[in-house]
$ cat query_37.pdb   # PDB, C-alpha atoms
ATOM      1  CA  MET A   1      25.497  -3.116  25.436
ATOM      2  CA  LEU A   2      25.473  -1.831  21.854
ATOM      3  CA  ASP A   3      26.462  -4.074  18.952
ATOM      4  CA  ALA A   4      29.488  -1.881  18.162
ATOM      5  CA  GLN A   5      30.742  -2.324  21.729
ATOM      6  CA  ILE A   6      30.242  -6.090  21.574
ATOM      7  CA  LEU A   7      32.122  -6.220  18.269
ATOM      8  CA  ASP A   8      34.943  -4.164  19.801
ATOM      9  CA  LEU A   9      35.217  -6.797  22.545
ATOM     10  CA  TYR A  10      35.530  -9.523  19.905
ATOM     11  CA  TRP A  11      38.199  -7.557  18.080
ATOM     12  CA  ALA A  12      40.091  -7.061  21.349
ATOM     13  CA  ARG A  13      39.718 -10.853  21.962
ATOM     14  CA  ASP A  14      38.062 -10.036  25.272
ATOM     15  CA  GLU A  15      36.111 -13.045  26.572
ATOM     16  CA  ARG A  16      33.369 -10.720  27.849
ATOM     17  CA  ALA A  17      32.259 -10.570  24.205
ATOM     18  CA  VAL A  18      30.694 -14.017  24.577
ATOM     19  CA  SER A  19      28.813 -13.198  27.783
ATOM     20  CA  GLU A  20      27.580  -9.888  26.353
ATOM     21  CA  THR A  21      26.482 -11.662  23.175
ATOM     22  CA  GLN A  22      24.628 -14.235  25.281
ATOM     23  CA  ARG A  23      22.959 -11.474  27.281
ATOM     24  CA  SER A  24      21.875  -9.527  24.182
ATOM     25  CA  TYR A  25      21.092 -12.325  21.735
ATOM     26  CA  GLY A  26      20.691 -15.538  23.739
ATOM     27  CA  SER A  27      16.885 -15.600  23.631
ATOM     28  CA  TYR A  28      16.800 -14.609  19.970
ATOM     29  CA  CYS A  29      19.204 -17.369  18.903
ATOM     30  CA  TYR A  30      17.537 -19.938  21.163
ATOM     31  CA  SER A  31      14.182 -19.120  19.561
ATOM     32  CA  ILE A  32      15.605 -19.771  16.098
ATOM     33  CA  ALA A  33      17.121 -23.090  17.168
ATOM     34  CA  TRP A  34      13.991 -24.137  19.048
ATOM     35  CA  HIS A  35      11.669 -23.591  16.071
ATOM     36  CA  ILE A  36      13.853 -25.843  13.959
ATOM     37  CA  LEU A  37      14.762 -28.543  16.472
ATOM     38  CA  TYR A  38      12.019 -28.561  19.129
ATOM     39  CA  ASP A  39      14.566 -29.993  21.546
ATOM     40  CA  ARG A  40      15.938 -28.064  24.531
ATOM     41  CA  GLU A  41      19.324 -29.779  24.678
ATOM     42  CA  ASP A  42      19.966 -29.531  20.926
ATOM     43  CA  SER A  43      18.824 -25.900  20.908
ATOM     44  CA  ASP A  44      21.134 -25.016  23.804
ATOM     45  CA  GLU A  45      23.999 -26.758  22.063
ATOM     46  CA  CYS A  46      23.410 -24.890  18.797
ATOM     47  CA  VAL A  47      23.328 -21.564  20.640
ATOM     48  CA  ASN A  48      26.587 -22.363  22.434
ATOM     49  CA  ASP A  49      28.119 -23.416  19.118
ATOM     50  CA  THR A  50      26.951 -20.079  17.699
ATOM     51  CA  TRP A  51      29.031 -18.198  20.263
ATOM     52  CA  PHE A  52      32.040 -20.385  19.415
ATOM     53  CA  ARG A  53      31.614 -19.766  15.679
ATOM     54  CA  ALA A  54      31.188 -16.035  16.248
ATOM     55  CA  TRP A  55      34.361 -15.985  18.366
ATOM     56  CA  ASN A  56      36.281 -17.678  15.531
ATOM     57  CA  ALA A  57      34.761 -15.505  12.789
ATOM     58  CA  ILE A  58      35.186 -12.086  14.447
ATOM     59  CA  PRO A  59      37.829 -10.995  13.483
ATOM     60  CA  PRO A  60      38.434 -11.041  10.527
ATOM     61  CA  LYS A  61      34.736 -10.452   9.825
ATOM     62  CA  ARG A  62      33.016  -7.401  11.253
ATOM     63  CA  PRO A  63      29.306  -7.915  10.596
ATOM     64  CA  ASN A  64      27.168  -4.853   9.894
ATOM     65  CA  ARG A  65      24.162  -6.430  11.625
ATOM     66  CA  LEU A  66      25.193  -8.621  14.522
ATOM     67  CA  ALA A  67      21.692 -10.036  15.064
ATOM     68  CA  LEU A  68      21.468 -11.227  11.452
ATOM     69  CA  PHE A  69      25.006 -12.617  11.594
ATOM     70  CA  LEU A  70      24.310 -14.591  14.787
ATOM     71  CA  GLY A  71      20.842 -15.655  13.614
ATOM     72  CA  THR A  72      22.272 -17.049  10.392
ATOM     73  CA  ILE A  73      24.925 -19.018  12.249
ATOM     74  CA  THR A  74      22.317 -20.416  14.650
ATOM     75  CA  ARG A  75      19.940 -21.279  11.841
ATOM     76  CA  ASN A  76      22.632 -23.072   9.826
ATOM     77  CA  LEU A  77      23.835 -25.013  12.867
ATOM     78  CA  SER A  78      20.257 -25.950  13.734
ATOM     79  CA  LEU A  79      19.498 -27.093  10.201
ATOM     80  CA  ASP A  80      22.653 -29.218  10.224
ATOM     81  CA  ARG A  81      21.641 -30.730  13.566
ATOM     82  CA  TRP A  82      18.121 -31.332  12.260
ATOM     83  CA  LYS A  83      19.455 -33.135   9.187
ATOM     84  CA  GLU A  84      21.761 -35.168  11.419
ATOM     85  CA  ARG A  85      18.919 -36.395  13.605
ATOM     86  CA  HIS A  86      16.131 -36.268  11.072
ATOM     87  CA  THR A  87      12.941 -38.080  11.888
ATOM     88  CA  MET A  88       9.369 -37.053  11.225
ATOM     89  CA  LYS A  89       8.844 -36.700  14.981
ATOM     90  CA  ARG A  90      11.366 -33.869  15.366
ATOM     91  CA  GLY A  91       9.900 -30.427  14.826
ATOM     92  CA  ASN A  92       6.449 -31.969  14.494
ATOM     93  CA  GLY A  93       7.320 -32.540  10.820
ATOM     94  CA  GLU A  94       7.217 -28.762  10.218
ATOM     95  CA  MET A  95      10.773 -28.543   8.853
ATOM     96  CA  MET A  96      10.147 -31.038   6.073
ATOM     97  CA  LEU A  97       6.791 -29.477   5.281
ATOM     98  CA  ALA A  98       8.249 -25.948   5.170
ATOM     99  CA  LEU A  99      11.112 -27.057   2.924
ATOM    100  CA  ASP A 100       8.696 -28.877   0.597
ATOM    101  CA  GLU A 101       6.510 -25.773   0.321
ATOM    102  CA  LEU A 102       9.487 -23.615  -0.662
ATOM    103  CA  ALA A 103      10.834 -26.218  -3.083
ATOM    104  CA  GLU A 104       7.964 -25.341  -5.428
ATOM    105  CA  CYS A 105       9.322 -21.863  -6.048
ATOM    106  CA  VAL A 106      13.058 -21.853  -5.163
ATOM    107  CA  PRO A 107      15.562 -23.791  -7.260
ATOM    108  CA  ASP A 108      17.657 -26.537  -5.686
ATOM    109  CA  LEU A 109      21.372 -25.664  -5.502
ATOM    110  CA  HIS A 110      23.536 -28.803  -5.428
ATOM    111  CA  SER A 111      26.437 -28.278  -7.812
ATOM    112  CA  THR A 112      29.556 -26.225  -7.157
ATOM    113  CA  GLU A 113      28.806 -24.038 -10.171
ATOM    114  CA  ASP A 114      25.554 -23.008  -8.555
ATOM    115  CA  ALA A 115      27.328 -21.599  -5.495
ATOM    116  CA  ALA A 116      27.869 -18.272  -7.292
ATOM    117  CA  GLU A 117      24.212 -18.181  -8.238
ATOM    118  CA  ALA A 118      23.264 -18.711  -4.577
ATOM    119  CA  ALA A 119      24.521 -15.237  -3.687
ATOM    120  CA  GLU A 120      22.466 -13.745  -6.507
ATOM    121  CA  LEU A 121      19.425 -15.727  -5.405
ATOM    122  CA  GLU A 122      19.888 -14.399  -1.866
ATOM    123  CA  ARG A 123      19.943 -10.837  -3.213
ATOM    124  CA  MET A 124      16.789 -11.487  -5.222
ATOM    125  CA  MET A 125      15.044 -13.023  -2.202
ATOM    126  CA  ASN A 126      15.861  -9.934  -0.144
ATOM    127  CA  ASP A 127      14.629  -7.662  -2.923
ATOM    128  CA  PHE A 128      11.425  -9.708  -3.150
ATOM    129  CA  LEU A 129      10.814  -9.512   0.598
ATOM    130  CA  HIS A 130      11.030  -5.715   0.369
ATOM    131  CA  THR A 131       8.131  -5.742  -2.115
ATOM    132  CA  LEU A 132       5.799  -7.361   0.432
ATOM    133  CA  SER A 133       3.673  -5.651   3.024
ATOM    134  CA  GLU A 134       5.141  -5.768   6.515
ATOM    135  CA  ARG A 135       2.634  -8.396   7.651
ATOM    136  CA  ASP A 136       3.120 -10.640   4.596
ATOM    137  CA  CYS A 137       6.892 -10.371   4.967
ATOM    138  CA  ASN A 138       6.713 -11.217   8.667
ATOM    139  CA  VAL A 139       4.398 -14.186   8.064
ATOM    140  CA  PHE A 140       6.707 -15.476   5.308
ATOM    141  CA  LEU A 141       9.814 -15.123   7.484
ATOM    142  CA  ARG A 142       8.100 -16.690  10.492
ATOM    143  CA  ARG A 143       7.251 -19.742   8.381
ATOM    144  CA  TYR A 144      10.382 -20.152   6.288
ATOM    145  CA  TRP A 145      13.141 -18.594   8.414
ATOM    146  CA  TYR A 146      11.949 -19.397  11.936
ATOM    147  CA  VAL A 147      10.000 -22.514  10.807
ATOM    148  CA  GLU A 148       6.997 -21.654  12.972
ATOM    149  CA  GLU A 149       3.843 -23.700  12.710
ATOM    150  CA  TYR A 150       0.807 -22.143  11.026
ATOM    151  CA  GLY A 151      -1.049 -22.018  14.342
ATOM    152  CA  GLU A 152       1.764 -20.087  16.047
ATOM    153  CA  ILE A 153       1.863 -17.571  13.216
ATOM    154  CA  ALA A 154      -1.919 -17.160  13.306
ATOM    155  CA  LYS A 155      -1.825 -16.523  17.041
ATOM    156  CA  ARG A 156       1.146 -14.127  16.798
ATOM    157  CA  TYR A 157      -0.547 -11.922  14.159
ATOM    158  CA  ASP A 158      -4.144 -12.427  15.306
ATOM    159  CA  MET A 159      -5.069 -14.145  12.046
ATOM    160  CA  LYS A 160      -7.212 -17.138  11.183
ATOM    161  CA  LEU A 161      -5.336 -20.325  10.345
ATOM    162  CA  ASN A 162      -6.715 -20.398   6.784
ATOM    163  CA  THR A 163      -5.712 -16.753   6.312
ATOM    164  CA  VAL A 164      -2.120 -17.652   7.180
ATOM    165  CA  LYS A 165      -2.125 -20.589   4.760
ATOM    166  CA  THR A 166      -3.677 -18.492   2.002
ATOM    167  CA  SER A 167      -1.222 -15.653   2.595
ATOM    168  CA  LEU A 168       1.734 -18.040   2.363
ATOM    169  CA  PHE A 169       0.317 -19.705  -0.754
ATOM    170  CA  ARG A 170      -0.094 -16.328  -2.460
ATOM    171  CA  THR A 171       3.344 -15.134  -1.342
ATOM    172  CA  ARG A 172       4.978 -18.292  -2.712
ATOM    173  CA  ALA A 173       3.155 -17.709  -6.019
ATOM    174  CA  LYS A 174       4.400 -14.093  -6.077
ATOM    175  CA  LEU A 175       7.921 -15.323  -5.281
ATOM    176  CA  ARG A 176       7.809 -17.869  -8.111
ATOM    177  CA  GLU A 177       6.558 -15.181 -10.507
ATOM    178  CA  TYR A 178       9.207 -12.692  -9.306
ATOM    179  CA  LEU A 179      12.053 -15.187  -9.707
ATOM    180  CA  GLU A 180      10.879 -16.196 -13.178
ATOM    181  CA  ARG A 181      10.799 -12.509 -14.211
ATOM    182  CA  GLU A 182      14.367 -12.219 -12.876
ATOM    183  CA  GLY A 183      15.401 -15.116 -15.113
ATOM    184  CA  VAL A 184      15.725 -17.824 -12.473
ATOM    185  CA  ILE A 185      14.924 -21.231 -13.921
ATOM    186  CA  LEU A 186      12.778 -23.201 -11.498
TER     187      LEU A 186
END
$ encode --input "query_37.pdb" --output "structure tokens"
Amino acid sequence: MLDAQILDLYWARDERAVSETQRSYGSYCYSIAWHILYDREDSDECVNDTWFRAWNAIPPKRPNRLALFLGTITRNLSLDRWKERHTMKRGNGEMMLALDELAECVPDLHSTEDAAEAAELERMMNDFLHTLSERDCNVFLRRYWYVEEYGEIAKRYDMKLNTVKTSLFRTRAKLREYLEREGVIL
């Protein structure tokens, strides 16, 4: 079923919207949750919570890209669950490591005043990602959006482990440089 048809079901408050969403995006959302939580039960729960949140958000929202909308909900729910049950054992420590790596080049947003700047930072991040080659962009997103381990990324793109690490190091340096040129204080 096409995204527009699924969205029409949500707008009509037809419960088939949830089953069609599960059919079209269940694996995608589960994959996002799994790479953050590494726990089947927690991942299933986050995916089910995603459908609930989507049901409550549509309407009034009508997302342009349903996959991105659902992926963001799943990712945020998974991150919340990860923080809730945080131990170094969960996620093989990859979540903490990935967040530490990004902390070097992305400012921390804690205050309410910074909330407005978060939207601008998001725009800049998207603009930056469009400057990268397709492979570099994919590797970056696999590490910092899907929180995949270096080894998984290397296998997925038929790269050596050190090549993945070097690519990410260079991309973070480019990101830091890009954000500084844009006036972001790190």
$ resolve_selection --input "query_37.pdb" --expression "the PyMOL selection byres ((chain A and resi 77) around 9)" --output "PDB file with C-alpha atoms, keeping the file's coordinate frame"
ATOM      1  CA  ALA A  33      17.121 -23.090  17.168  1.00  0.00           C
ATOM      2  CA  CYS A  46      23.410 -24.890  18.797  1.00  0.00           C
ATOM      3  CA  VAL A  47      23.328 -21.564  20.640  1.00  0.00           C
ATOM      4  CA  ASP A  49      28.119 -23.416  19.118  1.00  0.00           C
ATOM      5  CA  THR A  50      26.951 -20.079  17.699  1.00  0.00           C
ATOM      6  CA  THR A  72      22.272 -17.049  10.392  1.00  0.00           C
ATOM      7  CA  ILE A  73      24.925 -19.018  12.249  1.00  0.00           C
ATOM      8  CA  THR A  74      22.317 -20.416  14.650  1.00  0.00           C
ATOM      9  CA  ARG A  75      19.940 -21.279  11.841  1.00  0.00           C
ATOM     10  CA  ASN A  76      22.632 -23.072   9.826  1.00  0.00           C
ATOM     11  CA  SER A  78      20.257 -25.950  13.734  1.00  0.00           C
ATOM     12  CA  LEU A  79      19.498 -27.093  10.201  1.00  0.00           C
ATOM     13  CA  ASP A  80      22.653 -29.218  10.224  1.00  0.00           C
ATOM     14  CA  ARG A  81      21.641 -30.730  13.566  1.00  0.00           C
ATOM     15  CA  TRP A  82      18.121 -31.332  12.260  1.00  0.00           C
TER      16      TRP A  82
END
$ resolve_selection --input "query_37.pdb" --expression "the PyMOL selection byres ((chain A and resi 57-64) around 12)" --output "ChimeraX atom specification"
/A:3-14,17-18,50-56,65-73
$ resolve_selection --input "query_37.pdb" --expression "the PyMOL selection byres ((chain A and resi 138) around 12)" --output "list in words"
Leu129, His130, Leu132, Ser133, Glu134, Arg135, Asp136, Cys137, Val139, Phe140, Leu141, Arg142, Arg143, Tyr144, Trp145, Tyr146, Val147, Glu148, Ile153, Ala154, Arg156, Tyr157, Val164, Ser167, Leu168 and Thr171 of chain A
$ write_last_selection --input "query_37.pdb" --atoms "C-alpha atoms" --output "PDB file, in the frame of the given file"
ATOM      1  CA  LEU A 129      10.814  -9.512   0.598  1.00  0.00           C
ATOM      2  CA  HIS A 130      11.030  -5.715   0.369  1.00  0.00           C
ATOM      3  CA  LEU A 132       5.799  -7.361   0.432  1.00  0.00           C
ATOM      4  CA  SER A 133       3.673  -5.651   3.024  1.00  0.00           C
ATOM      5  CA  GLU A 134       5.141  -5.768   6.515  1.00  0.00           C
ATOM      6  CA  ARG A 135       2.634  -8.396   7.651  1.00  0.00           C
ATOM      7  CA  ASP A 136       3.120 -10.640   4.596  1.00  0.00           C
ATOM      8  CA  CYS A 137       6.892 -10.371   4.967  1.00  0.00           C
ATOM      9  CA  VAL A 139       4.398 -14.186   8.064  1.00  0.00           C
ATOM     10  CA  PHE A 140       6.707 -15.476   5.308  1.00  0.00           C
ATOM     11  CA  LEU A 141       9.814 -15.123   7.484  1.00  0.00           C
ATOM     12  CA  ARG A 142       8.100 -16.690  10.492  1.00  0.00           C
ATOM     13  CA  ARG A 143       7.251 -19.742   8.381  1.00  0.00           C
ATOM     14  CA  TYR A 144      10.382 -20.152   6.288  1.00  0.00           C
ATOM     15  CA  TRP A 145      13.141 -18.594   8.414  1.00  0.00           C
ATOM     16  CA  TYR A 146      11.949 -19.397  11.936  1.00  0.00           C
ATOM     17  CA  VAL A 147      10.000 -22.514  10.807  1.00  0.00           C
ATOM     18  CA  GLU A 148       6.997 -21.654  12.972  1.00  0.00           C
ATOM     19  CA  ILE A 153       1.863 -17.571  13.216  1.00  0.00           C
ATOM     20  CA  ALA A 154      -1.919 -17.160  13.306  1.00  0.00           C
ATOM     21  CA  ARG A 156       1.146 -14.127  16.798  1.00  0.00           C
ATOM     22  CA  TYR A 157      -0.547 -11.922  14.159  1.00  0.00           C
ATOM     23  CA  VAL A 164      -2.120 -17.652   7.180  1.00  0.00           C
ATOM     24  CA  SER A 167      -1.222 -15.653   2.595  1.00  0.00           C
ATOM     25  CA  LEU A 168       1.734 -18.040   2.363  1.00  0.00           C
ATOM     26  CA  THR A 171       3.344 -15.134  -1.342  1.00  0.00           C
TER      27      THR A 171
END
$ atom_distance --input "query_37.pdb" --atom1 "atom CA of Glu84 of chain A" --atom2 "atom CA of His35 of chain A"
16.0 Å
$ axis_aligned_box --input "query_37.pdb" --around "segment 74-77 of chain A" --padding-each-side "4 Å" --output "AutoDock Vina command-line options"
--center_x 21.9 --center_y -22.7 --center_z 12.2 --size_x 11.9 --size_y 12.6 --size_z 12.8
$ atom_distance --input "query_37.pdb" --atom1 "atom CA of Tyr178 of chain A" --atom2 "atom CA of Thr163 of chain A"
22.0 Å
$ atom_distance --input "query_37.pdb" --atom1 "atom CA of Leu175 of chain A" --atom2 "atom CA of Met159 of chain A"
21.7 Å
$ closest_residue --input "query_37.pdb" --among "A:Arg172, A:Glu41, A:Asn48, A:Phe128" --to "Asp100 of chain A" --atoms "all atoms listed in the file"
A:Arg172
$ closest_residue --input "query_37.pdb" --among "A:Glu152, A:Tyr30, A:Met124, A:Ser24" --to "Glu45 of chain A" --atoms "only C-alpha atoms"
A:Tyr30
